[in-house]
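Worksheet: one structure, shown below.
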Amino acid sequence: MTNYVMEARHLFKTYVEKKAKKTKEVGGDTCPTGKHIVDAVQDVSLQIRKGDIKLIFGPSGSGKSTFLRCMAMLETPDKGQIFLGDEELTKSGVDVNKARARIGFVFQHIYLFRHLTALGNVELALRQVLKLPKEEARKRALDALAEVKVSDCINRYPSQMSGGQAQRVGIARAIARNPDIILLDEPTSALDPELTGEVIDTLRDLAREGTTMLIVSHEMPFAREVAEEMIFYDEGKIVETGPPSQFFNAPNTDRAKRFMDRIINRTTRE
Amino acid sequence: MDAWGTFITLLGGVPVTLSISIISFLIGIVLGLPLAFVRVYEKRARYLVDVYEKVFRGIPEIVLLLLFYYGLRATFPFPFGSPFFVACFVLGLRSGANQSQIYRGAIRGVGDEQMVAGMSIGFSKWKAIWHIMIPQVFNFSTPGLGSEYALLIKDSAYVYIITVVDVMFQTDRIVHSPPYDQVTSYVLAAIIYIALTFPIAFWLDKWGNKRKKKIGL
């Protein structure tokens, strides 16, 4: 019996990135085969307890998103183990789809189902995965939409919403099932600053309610406010972990220090 | 027979032409849609789908019709060996091969992200296909389906060769009986075929555009 909600043990994932056939020489770097192997996740271990809020940040292309997708088994890791509670998801023969119903996932580019309204988006899993009766599914979907404060556009299609509304519907879709944990992959990166605020407010509410979350984000003020632990991720590895105060005051590693400097100097707002 | 009489006689074949086209179109959906998904999402079976598509797209209509007609009629009792049944069956199989390709393009249009989003809420691959991909696939395939339907109407003209009494069969009969007025008969047949293909293709296009607007494309 573990007391972790979710745990990754020695996870590995590489993928082959296909590049344009003729890659030009850039600074002596050639890519003659046109293929490029990316070590997105290299021996990453992570434990999350109930109510934890952990925030992963790091340069783009470092493999953060791939790691998060592996955690949700949206991509199959090459090696290593993932546990959801006591259940090992990486074992062969495990019903991964069933496990995924207990994990909420929020995408950077939102990915709402375009043919369904906001309500339809949230209801779908309640009806078809949890198999709830119609009225109960509707009630829970409406509750979730109210929680993220989009009750005014429940009958709109994704194309008729603003990015902030759409992303909050995306969050409602993830929380309506009462998942054990919510994984958020840069939930605000595709939004403009004003809309980012709406989504951050929603996440802050979730944090206040004790929702277990693993978030990939570069929203530093938000991180400082809600995260118990920040994880600096680079080149497929966890470089440094610690409380926000450690990163904001004096990161232990040079790499993290340089990255924080750049981010803080850029984030002049607030 | 005067032109009006000819026209009325040709119209008598319209129900048959229409029902053959509609039935084979539906057979095409039933075959083509699952095959398109198999082709995209089941690596192991994709070659079988390829073979089916290549075979039915590569053999002329008329060869298929004669082959199946004489083959089936010898093997199966009445309803399955009947000219009408064979016509629907052959055109349906051919349409399935075409439609499979149309839907395959549409699946790419819907995009893999929708599939991943479906998996993320706990759907299996096939459940995500059913609830998320299929409802959207039609939005992306209406232009192709419009021309596929027109093609079926037109190609259904071949079935007179296996004695199905459609518009073309009536035309052929009139042409070969006194006063042997070929031009009038063929012109009238052409008008009827245009009238059958145009509205539906037009309507499909319109419907598709409306749906696409709704989902924001």
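To be explicit about the labels: the chains of the structure tokens are called A, B, and onward in the order shown, and within each one the residues are counted from 1, while ligands get numbers from 1 in the order they are shown.
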Q | Non-local contacts of region 230-243 of chain A (9 Å; only C-alpha atoms; under 6 positions in same chain excluded) as an NGL selection string | A | :A and (12-13 or 38-45 or 53-64 or 67 or 223-224 or 251-253 or 255-256)
Q) Which polymer residues have any atom within 12 Å of an atom of Ala72 (chain A), counting only C-alpha atoms, with same-chain residues fewer than 6 positions away left out, as number ranges by chain? A) A: 6-8, 65-66, 82-84, 89-90, 96-107, 179-185, 214; B: 116-117, 119-122
Expected file: the selected residues, N, CA and C atoms, as a tab-separated table (two decimals), in the first residue's frame:
chain	number	residue	atom	x	y	z
A	6	MET	N	-0.07	9.21	-7.24
A	6	MET	CA	0.53	8.82	-8.50
A	6	MET	C	2.04	8.83	-8.36
A	7	GLU	N	2.65	7.91	-9.07
A	7	GLU	CA	4.08	7.78	-8.93
A	7	GLU	C	4.70	7.32	-10.25
A	8	ALA	N	5.83	7.92	-10.59
A	8	ALA	CA	6.60	7.45	-11.75
A	8	ALA	C	7.93	6.92	-11.24
A	65	SER	N	6.23	18.01	-21.71
A	65	SER	CA	4.92	17.56	-22.18
A	65	SER	C	4.91	16.06	-22.41
A	66	THR	N	5.98	15.55	-22.98
A	66	THR	CA	6.06	14.11	-23.21
A	66	THR	C	5.97	13.35	-21.89
A	82	ILE	N	4.68	3.29	-13.96
A	82	ILE	CA	3.79	4.35	-13.50
A	82	ILE	C	2.73	3.72	-12.62
A	83	PHE	N	2.54	4.31	-11.46
A	83	PHE	CA	1.51	3.81	-10.55
A	83	PHE	C	0.43	4.86	-10.37
A	84	LEU	N	-0.80	4.39	-10.41
A	84	LEU	CA	-1.92	5.25	-10.04
A	84	LEU	C	-2.50	4.61	-8.79
A	89	LEU	N	0.18	1.00	-14.02
A	89	LEU	CA	-0.41	1.19	-15.35
A	89	LEU	C	0.47	0.64	-16.46
A	90	THR	N	1.76	0.52	-16.17
A	90	THR	CA	2.69	0.11	-17.21
A	90	THR	C	2.77	-1.41	-17.34
A	96	VAL	N	-5.75	0.33	-19.48
A	96	VAL	CA	-5.26	1.70	-19.38
A	96	VAL	C	-6.40	2.71	-19.56
A	97	ASN	N	-7.38	2.36	-20.38
A	97	ASN	CA	-8.49	3.29	-20.61
A	97	ASN	C	-9.25	3.56	-19.32
A	98	LYS	N	-9.45	2.50	-18.56
A	98	LYS	CA	-10.16	2.62	-17.29
A	98	LYS	C	-9.37	3.52	-16.34
A	99	ALA	N	-8.05	3.30	-16.33
A	99	ALA	CA	-7.20	4.10	-15.46
A	99	ALA	C	-7.26	5.57	-15.86
A	100	ARG	N	-7.28	5.80	-17.17
A	100	ARG	CA	-7.28	7.18	-17.67
A	100	ARG	C	-8.53	7.93	-17.25
A	101	ALA	N	-9.60	7.20	-17.00
A	101	ALA	CA	-10.82	7.85	-16.54
A	101	ALA	C	-10.61	8.47	-15.17
A	102	ARG	N	-9.60	7.98	-14.44
A	102	ARG	CA	-9.33	8.51	-13.09
A	102	ARG	C	-8.27	9.61	-13.12
A	103	ILE	N	-7.82	9.96	-14.32
A	103	ILE	CA	-6.82	11.02	-14.47
A	103	ILE	C	-7.42	12.13	-15.32
A	104	GLY	N	-7.43	13.33	-14.81
A	104	GLY	CA	-7.89	14.45	-15.63
A	104	GLY	C	-6.73	15.01	-16.41
A	105	PHE	N	-6.96	15.37	-17.66
A	105	PHE	CA	-5.86	15.92	-18.45
A	105	PHE	C	-6.31	17.20	-19.14
A	106	VAL	N	-5.53	18.24	-19.00
A	106	VAL	CA	-5.85	19.51	-19.65
A	106	VAL	C	-4.73	19.83	-20.63
A	107	PHE	N	-5.12	20.13	-21.87
A	107	PHE	CA	-4.13	20.29	-22.94
A	107	PHE	C	-3.77	21.76	-23.16
A	179	PRO	N	-11.51	13.07	-10.80
A	179	PRO	CA	-10.34	12.21	-10.97
A	179	PRO	C	-9.44	12.26	-9.74
A	180	ASP	N	-8.57	11.26	-9.62
A	180	ASP	CA	-7.64	11.23	-8.49
A	180	ASP	C	-6.62	12.35	-8.60
A	181	ILE	N	-6.31	12.72	-9.83
A	181	ILE	CA	-5.28	13.73	-10.06
A	181	ILE	C	-5.58	14.43	-11.38
A	182	ILE	N	-5.16	15.68	-11.47
A	182	ILE	CA	-5.31	16.39	-12.74
A	182	ILE	C	-3.93	16.76	-13.26
A	183	LEU	N	-3.67	16.41	-14.50
A	183	LEU	CA	-2.41	16.78	-15.15
A	183	LEU	C	-2.70	17.92	-16.10
A	184	LEU	N	-1.96	19.00	-15.97
A	184	LEU	CA	-2.21	20.15	-16.84
A	184	LEU	C	-0.96	20.49	-17.64
A	185	ASP	N	-1.09	20.44	-18.95
A	185	ASP	CA	0.05	20.68	-19.82
A	185	ASP	C	0.02	22.12	-20.34
A	214	LEU	N	-0.64	18.13	-11.07
A	214	LEU	CA	0.72	18.21	-11.60
A	214	LEU	C	0.63	19.11	-12.82
B	116	VAL	N	-6.66	11.99	-29.28
B	116	VAL	CA	-5.92	11.99	-28.01
B	116	VAL	C	-6.81	12.55	-26.90
B	117	ALA	N	-7.56	13.62	-27.21
B	117	ALA	CA	-8.46	14.19	-26.21
B	117	ALA	C	-9.49	13.16	-25.79
B	119	MET	N	-9.10	9.88	-25.80
B	119	MET	CA	-8.43	8.91	-24.94
B	119	MET	C	-8.25	9.49	-23.54
B	120	SER	N	-8.01	10.81	-23.47
B	120	SER	CA	-7.70	11.41	-22.17
B	120	SER	C	-8.91	11.38	-21.23
B	121	ILE	N	-10.12	11.27	-21.75
B	121	ILE	CA	-11.26	11.19	-20.84
B	121	ILE	C	-11.64	9.75	-20.52
B	122	GLY	N	-10.82	8.82	-20.97
B	122	GLY	CA	-11.03	7.41	-20.59
B	122	GLY	C	-11.64	6.54	-21.67
Q: Fewer than 5 positions away in the same chain doesn't count, so skip those; otherwise give me all residues within 10 Å of Asp152 (chain A), counting only C-alpha atoms, as a PyMOL selection string.
A: chain A and resi 145-146+165
Q: Specify as a list of chain:residue names all residues of chain B found within 10 Å of chain A, counting only C-alpha atoms.
A: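 The answer, sorted by residue number, is B:Val110, B:Glu113, B:Gln114, B:Met115, B:Val116, B:Ala117, B:Gly118, B:Met119, B:Ser120, B:Ile121, B:Gly122, B:Phe123, B:Ser124, B:Lys125, B:Lys127, B:His131, B:Ile132, B:Met133, B:Pro135, B:Gln136, B:Asn139, B:Arg211, B:Lys212, B:Lys213, B:Lys214, B:Ile215, B:Gly216, B:Leu217.
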Q: Can you work out which one of A:His218, A:Arg168, A:Lys91, A:Arg258 has the shortest atom-to-atom distance to Thr202 (chain A), counting only C-alpha atoms?
A: A:Arg168
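Using only C-alpha atoms, the shortest contact distance between Arg57 (chain B) and any of B:Ile8, B:Val90, B:Val159, B:Ile191 is found at B:Val90.
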